[in-house]
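Undergrad: Below is the file upload19.pdb, which contains PDB, C-alpha atoms.
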ATOM      1  CA  MET A   1      -5.873 -57.981   1.422
ATOM      2  CA  LEU A   2      -3.426 -59.034   4.149
ATOM      3  CA  GLU A   3      -2.631 -56.729   7.081
ATOM      4  CA  ILE A   4      -0.019 -57.669   9.682
ATOM      5  CA  GLU A   5       0.313 -55.465  12.760
ATOM      6  CA  ASN A   6       2.775 -55.793  15.648
ATOM      7  CA  LEU A   7       3.356 -59.493  14.960
ATOM      8  CA  HIS A   8       5.535 -61.432  17.388
ATOM      9  CA  ALA A   9       6.515 -65.106  17.309
ATOM     10  CA  TYR A  10       8.759 -67.364  19.340
ATOM     11  CA  TYR A  11      10.611 -70.659  19.056
ATOM     12  CA  GLY A  12      10.838 -71.712  22.665
ATOM     13  CA  LYS A  13      12.445 -68.786  24.478
ATOM     14  CA  SER A  14      13.847 -67.296  21.268
ATOM     15  CA  HIS A  15      11.974 -64.125  20.270
ATOM     16  CA  ILE A  16      12.025 -64.407  16.446
ATOM     17  CA  LEU A  17       9.475 -61.857  15.225
ATOM     18  CA  GLN A  18       9.632 -58.611  17.149
ATOM     19  CA  GLY A  19       6.754 -56.421  16.042
ATOM     20  CA  VAL A  20       6.416 -57.002  12.290
ATOM     21  CA  ASN A  21       4.122 -54.655  10.341
ATOM     22  CA  MET A  22       3.297 -55.422   6.722
ATOM     23  CA  SER A  23       0.519 -55.221   4.142
ATOM     24  CA  ILE A  24      -0.156 -56.866   0.778
ATOM     25  CA  GLY A  25      -2.823 -55.535  -1.579
ATOM     26  CA  GLU A  26      -4.977 -57.238  -4.196
ATOM     27  CA  GLY A  27      -2.910 -58.667  -7.055
ATOM     28  CA  GLU A  28       0.380 -57.343  -5.666
ATOM     29  CA  ILE A  29       3.728 -59.114  -5.718
ATOM     30  CA  VAL A  30       5.503 -58.132  -2.514
ATOM     31  CA  ALA A  31       9.053 -59.362  -1.898
ATOM     32  CA  LEU A  32      10.265 -60.051   1.626
ATOM     33  CA  LEU A  33      14.048 -59.793   1.667
ATOM     34  CA  GLY A  34      16.758 -60.289   4.255
ATOM     35  CA  ARG A  35      19.544 -62.569   5.336
ATOM     36  CA  ASN A  36      18.920 -66.081   6.634
ATOM     37  CA  GLY A  37      17.642 -66.233  10.179
ATOM     38  CA  VAL A  38      16.009 -62.800  10.372
ATOM     39  CA  GLY A  39      12.429 -64.130  10.493
ATOM     40  CA  ARG A  40      11.195 -64.166   6.904
ATOM     41  CA  SER A  41      10.077 -67.813   6.894
ATOM     42  CA  THR A  42       8.707 -67.451  10.405
ATOM     43  CA  THR A  43       6.507 -64.601   9.175
ATOM     44  CA  CYS A  44       4.919 -66.926   6.625
ATOM     45  CA  LYS A  45       4.491 -69.693   9.190
ATOM     46  CA  ALA A  46       2.897 -67.296  11.677
ATOM     47  CA  VAL A  47       0.396 -66.128   9.050
ATOM     48  CA  MET A  48      -0.339 -69.747   8.140
ATOM     49  CA  GLY A  49      -0.792 -70.840  11.743
ATOM     50  CA  GLU A  50       2.192 -73.171  11.769
ATOM     51  CA  VAL A  51       3.851 -70.974  14.424
ATOM     52  CA  GLU A  52       1.755 -69.348  17.149
ATOM     53  CA  PRO A  53       1.317 -65.657  16.293
ATOM     54  CA  PHE A  54       1.081 -62.860  18.840
ATOM     55  CA  GLY A  55      -0.375 -59.724  17.316
ATOM     56  CA  SER A  56      -2.824 -59.092  14.511
ATOM     57  CA  VAL A  57      -3.055 -60.879  11.153
ATOM     58  CA  LYS A  58      -6.088 -59.873   9.103
ATOM     59  CA  PHE A  59      -7.094 -61.373   5.758
ATOM     60  CA  ARG A  60      -9.785 -59.430   3.885
ATOM     61  CA  GLY A  61     -10.549 -57.692   7.169
ATOM     62  CA  GLN A  62     -11.000 -60.919   9.137
ATOM     63  CA  GLU A  63      -8.699 -61.668  12.055
ATOM     64  CA  ILE A  64      -6.991 -64.999  11.404
ATOM     65  CA  ALA A  65      -4.262 -64.999  14.065
ATOM     66  CA  GLY A  66      -4.671 -68.166  16.106
ATOM     67  CA  LYS A  67      -6.559 -70.128  13.452
ATOM     68  CA  LYS A  68      -5.311 -73.578  12.480
ATOM     69  CA  ALA A  69      -3.424 -74.006   9.211
ATOM     70  CA  TYR A  70      -6.268 -75.824   7.436
ATOM     71  CA  GLU A  71      -8.689 -73.064   8.457
ATOM     72  CA  VAL A  72      -6.345 -70.424   7.052
ATOM     73  CA  ALA A  73      -5.985 -72.405   3.810
ATOM     74  CA  ASN A  74      -9.755 -72.730   3.435
ATOM     75  CA  LEU A  75     -10.075 -68.932   3.618
ATOM     76  CA  GLY A  76      -8.040 -68.651   0.410
ATOM     77  CA  ILE A  77      -4.385 -68.500   1.498
ATOM     78  CA  GLY A  78      -1.816 -70.772  -0.139
ATOM     79  CA  TYR A  79       1.646 -71.530   1.197
ATOM     80  CA  VAL A  80       4.652 -72.956  -0.656
ATOM     81  CA  PRO A  81       7.302 -73.853   1.946
ATOM     82  CA  GLU A  82      11.004 -73.781   1.183
ATOM     83  CA  ASN A  83      11.522 -77.519   1.754
ATOM     84  CA  ARG A  84       9.567 -78.732  -1.316
ATOM     85  CA  ASP A  85       7.095 -80.917   0.549
ATOM     86  CA  ILE A  86       6.053 -83.305  -2.201
ATOM     87  CA  PHE A  87       4.692 -86.819  -1.727
ATOM     88  CA  PRO A  88       7.511 -88.821  -3.349
ATOM     89  CA  GLY A  89       5.621 -92.100  -3.611
ATOM     90  CA  LEU A  90       2.722 -90.521  -5.501
ATOM     91  CA  THR A  91       2.737 -89.512  -9.143
ATOM     92  CA  THR A  92       2.967 -85.938 -10.345
ATOM     93  CA  ARG A  93      -0.721 -86.017 -11.215
ATOM     94  CA  GLN A  94      -1.688 -87.394  -7.803
ATOM     95  CA  ASN A  95       0.355 -84.701  -6.071
ATOM     96  CA  LEU A  96      -1.528 -82.038  -8.011
ATOM     97  CA  VAL A  97      -4.908 -83.565  -7.148
ATOM     98  CA  LEU A  98      -4.001 -83.328  -3.461
ATOM     99  CA  GLY A  99      -3.843 -79.552  -3.885
ATOM    100  CA  LEU A 100      -7.586 -79.370  -4.507
ATOM    101  CA  LYS A 101      -9.758 -78.285  -1.609
ATOM    102  CA  PRO A 102     -12.470 -80.687  -0.349
ATOM    103  CA  GLY A 103     -15.320 -80.729  -2.853
ATOM    104  CA  GLN A 104     -13.341 -78.740  -5.446
ATOM    105  CA  LYS A 105     -13.142 -80.155  -8.960
ATOM    106  CA  ASP A 106     -10.213 -79.765 -11.318
ATOM    107  CA  GLY A 107     -10.713 -76.656 -13.429
ATOM    108  CA  ALA A 108     -13.396 -75.135 -11.199
ATOM    109  CA  GLY A 109     -11.111 -72.271 -10.157
ATOM    110  CA  ARG A 110      -8.566 -70.099 -11.958
ATOM    111  CA  TRP A 111      -6.239 -73.040 -12.480
ATOM    112  CA  ALA A 112      -6.655 -76.487 -13.980
ATOM    113  CA  MET A 113      -4.192 -79.349 -14.066
ATOM    114  CA  GLN A 114      -3.763 -78.844 -17.797
ATOM    115  CA  ASP A 115      -2.649 -75.258 -17.114
ATOM    116  CA  MET A 116       0.221 -76.678 -15.091
ATOM    117  CA  PHE A 117       1.187 -79.091 -17.823
ATOM    118  CA  ASN A 118       0.991 -76.333 -20.433
ATOM    119  CA  MET A 119       3.258 -74.055 -18.421
ATOM    120  CA  PHE A 120       5.688 -76.793 -17.419
ATOM    121  CA  GLU A 121       5.934 -79.400 -20.141
ATOM    122  CA  ASN A 122       8.239 -81.588 -18.068
ATOM    123  CA  LEU A 123       5.481 -82.049 -15.493
ATOM    124  CA  GLY A 124       3.124 -83.070 -18.278
ATOM    125  CA  ARG A 125       5.566 -85.576 -19.668
ATOM    126  CA  ARG A 126       6.047 -87.018 -16.192
ATOM    127  CA  ALA A 127       2.441 -86.759 -15.067
ATOM    128  CA  ASP A 128       2.172 -90.453 -14.260
ATOM    129  CA  VAL A 129       5.610 -91.154 -12.806
ATOM    130  CA  GLU A 130       6.492 -90.975  -9.129
ATOM    131  CA  ALA A 131       7.425 -87.498  -7.954
ATOM    132  CA  SER A 132      10.579 -88.903  -6.354
ATOM    133  CA  VAL A 133      12.261 -89.157  -9.778
ATOM    134  CA  LEU A 134      11.672 -85.488 -10.650
ATOM    135  CA  SER A 135      14.645 -83.135 -10.606
ATOM    136  CA  GLY A 136      14.935 -80.508  -7.862
ATOM    137  CA  GLY A 137      13.624 -77.849 -10.212
ATOM    138  CA  GLU A 138      10.690 -80.005 -11.284
ATOM    139  CA  GLN A 139       9.846 -80.736  -7.660
ATOM    140  CA  GLN A 140       9.828 -77.003  -6.954
ATOM    141  CA  MET A 141       7.468 -76.450  -9.881
ATOM    142  CA  LEU A 142       5.243 -79.275  -8.626
ATOM    143  CA  THR A 143       5.079 -77.781  -5.130
ATOM    144  CA  MET A 144       4.049 -74.386  -6.470
ATOM    145  CA  CYS A 145       1.540 -75.830  -8.909
ATOM    146  CA  ARG A 146      -0.036 -78.052  -6.240
ATOM    147  CA  THR A 147      -0.691 -74.958  -4.118
ATOM    148  CA  LEU A 148      -2.255 -73.133  -7.063
ATOM    149  CA  MET A 149      -4.615 -76.072  -7.695
ATOM    150  CA  GLY A 150      -6.432 -75.012  -4.513
ATOM    151  CA  ASP A 151      -7.254 -71.662  -6.196
ATOM    152  CA  PRO A 152      -5.911 -69.347  -3.460
ATOM    153  CA  ASP A 153      -6.516 -65.589  -3.529
ATOM    154  CA  PHE A 154      -3.209 -64.959  -1.782
ATOM    155  CA  VAL A 155      -0.088 -67.119  -1.822
ATOM    156  CA  MET A 156       3.137 -67.070   0.189
ATOM    157  CA  ILE A 157       6.129 -68.590  -1.603
ATOM    158  CA  ASP A 158       9.298 -69.234   0.387
ATOM    159  CA  GLU A 159      12.649 -69.315  -1.464
ATOM    160  CA  PRO A 160      11.318 -70.769  -4.744
ATOM    161  CA  THR A 161      14.594 -70.297  -6.667
ATOM    162  CA  GLU A 162      16.939 -71.815  -4.083
ATOM    163  CA  GLY A 163      19.351 -74.231  -5.761
ATOM    164  CA  LEU A 164      17.766 -73.913  -9.213
ATOM    165  CA  SER A 165      19.497 -73.456 -12.555
ATOM    166  CA  PRO A 166      19.227 -70.044 -14.269
ATOM    167  CA  GLN A 167      16.716 -71.525 -16.725
ATOM    168  CA  MET A 168      14.483 -72.802 -13.916
ATOM    169  CA  VAL A 169      14.828 -69.487 -12.063
ATOM    170  CA  GLN A 170      13.372 -67.766 -15.123
ATOM    171  CA  ARG A 171      10.533 -70.315 -15.184
ATOM    172  CA  VAL A 172       9.739 -69.447 -11.585
ATOM    173  CA  ALA A 173       9.745 -65.721 -12.424
ATOM    174  CA  ASP A 174       7.389 -66.336 -15.349
ATOM    175  CA  LEU A 175       5.010 -68.280 -13.109
ATOM    176  CA  LEU A 176       5.021 -65.544 -10.465
ATOM    177  CA  GLN A 177       4.065 -62.987 -13.081
ATOM    178  CA  GLU A 178       1.311 -65.274 -14.393
ATOM    179  CA  ILE A 179      -0.006 -65.637 -10.838
ATOM    180  CA  ALA A 180      -0.253 -61.839 -10.565
ATOM    181  CA  LYS A 181      -2.005 -61.599 -13.952
ATOM    182  CA  ARG A 182      -4.722 -63.905 -12.607
ATOM    183  CA  GLY A 183      -5.386 -61.547  -9.728
ATOM    184  CA  ILE A 184      -3.599 -63.491  -7.002
ATOM    185  CA  ALA A 185      -1.570 -61.533  -4.459
ATOM    186  CA  THR A 186       1.877 -62.925  -3.630
ATOM    187  CA  LEU A 187       4.306 -62.628  -0.745
ATOM    188  CA  LEU A 188       7.658 -63.767  -2.128
ATOM    189  CA  VAL A 189      10.451 -64.685   0.287
ATOM    190  CA  GLU A 190      13.596 -64.562  -1.812
ATOM    191  CA  GLN A 191      17.372 -64.427  -1.456
ATOM    192  CA  LYS A 192      18.125 -63.459  -5.045
ATOM    193  CA  LEU A 193      17.887 -59.681  -5.024
ATOM    194  CA  ALA A 194      17.831 -59.337  -8.830
ATOM    195  CA  ILE A 195      14.720 -61.472  -9.406
ATOM    196  CA  ALA A 196      12.872 -59.899  -6.473
ATOM    197  CA  LEU A 197      13.546 -56.361  -7.662
ATOM    198  CA  ASP A 198      12.623 -57.284 -11.219
ATOM    199  CA  ILE A 199       9.141 -58.653 -10.540
ATOM    200  CA  ALA A 200       8.000 -57.152  -7.217
ATOM    201  CA  ASP A 201       5.671 -54.175  -6.893
ATOM    202  CA  ARG A 202       6.951 -53.420  -3.392
ATOM    203  CA  VAL A 203       9.631 -54.796  -1.101
ATOM    204  CA  TYR A 204      10.151 -55.213   2.614
ATOM    205  CA  VAL A 205      13.572 -55.820   4.127
ATOM    206  CA  MET A 206      13.769 -57.629   7.459
ATOM    207  CA  GLY A 207      16.547 -57.542  10.004
ATOM    208  CA  HIS A 208      16.620 -59.044  13.486
ATOM    209  CA  GLY A 209      12.914 -59.874  13.537
ATOM    210  CA  HIS A 210      11.430 -56.610  12.325
ATOM    211  CA  VAL A 211      11.036 -54.592   9.119
ATOM    212  CA  VAL A 212      13.903 -52.161   8.488
ATOM    213  CA  PHE A 213      12.811 -50.917   5.051
ATOM    214  CA  GLU A 214       9.599 -50.665   3.042
ATOM    215  CA  GLY A 215       9.368 -49.241  -0.466
ATOM    216  CA  THR A 216       9.478 -49.857  -4.188
ATOM    217  CA  PRO A 217      12.278 -51.747  -5.931
ATOM    218  CA  ALA A 218      13.494 -48.439  -7.370
ATOM    219  CA  GLU A 219      13.665 -46.904  -3.899
ATOM    220  CA  LEU A 220      15.642 -49.875  -2.562
ATOM    221  CA  LYS A 221      18.118 -49.593  -5.425
ATOM    222  CA  GLU A 222      18.830 -46.043  -4.262
ATOM    223  CA  ARG A 223      19.472 -47.127  -0.671
ATOM    224  CA  ASP A 224      23.056 -48.380  -0.608
ATOM    225  CA  ASP A 225      23.036 -48.181   3.187
ATOM    226  CA  ILE A 226      20.109 -50.592   3.539
ATOM    227  CA  ARG A 227      21.510 -53.070   1.032
ATOM    228  CA  LYS A 228      24.977 -53.072   2.593
ATOM    229  CA  GLU A 229      23.766 -53.423   6.172
ATOM    230  CA  TRP A 230      20.891 -55.864   5.738
ATOM    231  CA  LEU A 231      21.235 -57.709   2.420
ATOM    232  CA  GLU A 232      24.757 -57.975   1.093
ATOM    233  CA  VAL A 233      27.146 -60.609   2.406
TER     234      VAL A 233
END
Go through the file and emit its structure as structure tokens.
TA:
Amino acid sequence: MLEIENLHAYYGKSHILQGVNMSIGEGEIVALLGRNGVGRSTTCKAVMGEVEPFGSVKFRGQEIAGKKAYEVANLGIGYVPENRDIFPGLTTRQNLVLGLKPGQKDGAGRWAMQDMFNMFENLGRRADVEASVLSGGEQQMLTMCRTLMGDPDFVMIDEPTEGLSPQMVQRVADLLQEIAKRGIATLLVEQKLAIALDIADRVYVMGHGHVVFEGTPAELKERDDIRKEWLEV
């Protein structure tokens, strides 16, 4: 579904991505692991067109490197950034409506607003209150659900469990598995090794702007050297 080949990206003169190669198949959950600052978030932004990519990024065989973010989104790619970009002055319901693509009606795709309220009862109870009063965990749920309202075929989710309680972390894990059940491929950027290894089909580990390991969760568990050098503090 998504094929990344020799991807480079820069912030000014800083060479952040240094030849990243990666692939995500239909319906797969792929975890992208690594310490802060190694280029995981930049990989997502380069795919999405928020950072200029140098190299090849193909989605369903179509080259998308260099396209604008809205063009990438309209092809069926969703992106949940790590900073929980909600619209605080709008209600929960209004935030979800903004996730719909132009001309798309609620319920026309794999997800409807009621699905979100069924999965996350707190969002339903607070459907008509301003998003600014939601807790951090509820705002994270809202951000993810708003992206799903656009019915993407592939979604990139950056650090969804950061700062969440154990209960909310489990809610996130449940949602990720539900996303996969509905045939949506996922690239999960995650710090928590346990949740990534529990739900991912495959994992990539990044270090210093390139991939240093690719394999299954079971294979990563056997690689003490990789975990010690690139993941553990």
Undergrad: If you apply the PyMOL selection byres ((chain A and resi 226) around 12) to this file, what residues do you get, as a ChimeraX atom specification?
TA: /A:33-34,204-207,211-215,219-225,227-232
Undergrad: Find the residue from A:Glu121, A:Glu162, A:Asp153, A:Glu138 that sits nearest to Gly25 of chain A; use only C-alpha atoms when measuring.
TA: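 Ranked by minimum distance to Gly25 of chain A, first place goes to A:Asp153.
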Undergrad: Give as a ChimeraX atom specification each residue that has an atom at most 12 Å from (-6.2, -72.2, 10.3) in the file, counting only C-alpha atoms.
TA: /A:45-53,57,59,63-78
Undergrad: Restricting the calculation to only C-alpha atoms, which member of A:Asn118, A:Thr91, A:Gln18, A:Ser135 is positioned closest to Val38 of chain A?
TA: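 Among the listed residues, A:Gln18 lies closest to Val38 of chain A.
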Undergrad: If the PyMOL selection byres ((chain A and resi 86) around 8) were run on this exact file, what residues would it hold? Put them as number ranges by chain.
TA: A: 84-85, 87-88, 95, 131, 139, 142-143
Undergrad: Find, counting all atoms listed in the file, the residue in A:Leu100, A:Gly89, A:Asp106, A:Leu148 that gets nearest to Leu134 of chain A.
TA: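 Nearest candidate to Leu134 of chain A out of A:Leu100, A:Gly89, A:Asp106, A:Leu148: A:Gly89.
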Undergrad: Find the distance between atom CA of Gly39 of chain A and atom CA of Gln191 of chain A and write it in Å to one decimal.
TA: 12.9 Å
Undergrad: Which polymer residues have any atom within 7 Å of an atom of Thr186 of chain A, counting only C-alpha atoms, with same-chain residues fewer than 3 positions away left out, as a list in words?
TA: Glu28, Ile29, Val30, Phe154, Val155 and Met156 of chain A
Undergrad: If you count all atoms listed in the file, which residues fall within 12 Å of Lys181 of chain A, apart from same-chain ones fewer than 4 positions away, as a list in words?
TA: Glu26, Gly27, Glu28, Ile29, Arg110, Asp174, Leu175, Leu176, Gln177, Ala185 and Thr186 of chain A
Undergrad: Run through the PyMOL selection byres ((chain A and resi 188) around 7) on the given coordinates and return the selected residues as an MDAnalysis selection string.
TA: chainID A and resid 30:32 156:158 186:187 189:190
Undergrad: Convert the current residue selection to file output with C-alpha atoms, as a PDB file, keeping the file's coordinate frame.
TA:
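The result, written out as part10.pdb:
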ATOM      1  CA  VAL A  30       5.503 -58.132  -2.514  1.00  0.00           C
ATOM      2  CA  ALA A  31       9.053 -59.362  -1.898  1.00  0.00           C
ATOM      3  CA  LEU A  32      10.265 -60.051   1.626  1.00  0.00           C
ATOM      4  CA  MET A 156       3.137 -67.070   0.189  1.00  0.00           C
ATOM      5  CA  ILE A 157       6.129 -68.590  -1.603  1.00  0.00           C
ATOM      6  CA  ASP A 158       9.298 -69.234   0.387  1.00  0.00           C
ATOM      7  CA  THR A 186       1.877 -62.925  -3.630  1.00  0.00           C
ATOM      8  CA  LEU A 187       4.306 -62.628  -0.745  1.00  0.00           C
ATOM      9  CA  VAL A 189      10.451 -64.685   0.287  1.00  0.00           C
ATOM     10  CA  GLU A 190      13.596 -64.562  -1.812  1.00  0.00           C
TER      11      GLU A 190
END
Undergrad: For the atom pair atom CA of Ile24 of chain A and atom CA of Ala108 of chain A, what is the interatomic distance in Å to one decimal place?
TA: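 Going from atom CA of Ile24 of chain A over to atom CA of Ala108 of chain A covers 25.5 Å.
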Undergrad: Give the answer as one residue: which of A:Val129, A:Met113, A:Met119, A:Ala196 has the shortest atom-to-atom distance to Leu90 of chain A, using all atoms listed in the file?
TA: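 Selected residue with least distance to Leu90 of chain A: A:Val129.
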Undergrad: Which value, in Å to one decimal, gives the distance between atom CA of Arg40 of chain A and atom CA of Glu3 of chain A?
TA: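 That distance, rounded to one decimal, is 15.7 Å.
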Undergrad: Counting only C-alpha atoms, which residue out of A:Arg202, A:Lys105, A:His15, A:His8 sits closest to Thr216 of chain A?
TA: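 Selected residue with least distance to Thr216 of chain A: A:Arg202.
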Undergrad: For Pro102 of chain A, which of A:Met1, A:Asn83, A:Asp151, A:Arg171 is the closest residue, counting only C-alpha atoms?
TA: A:Asp151
Undergrad: Near Gly99 of chain A, counting only C-alpha atoms, which residues have an atom at most 8 Å away, once you skip same-chain residues fewer than 2 positions from it, shown as a ChimeraX atom specification?
TA: /A:95-97,101,146-150
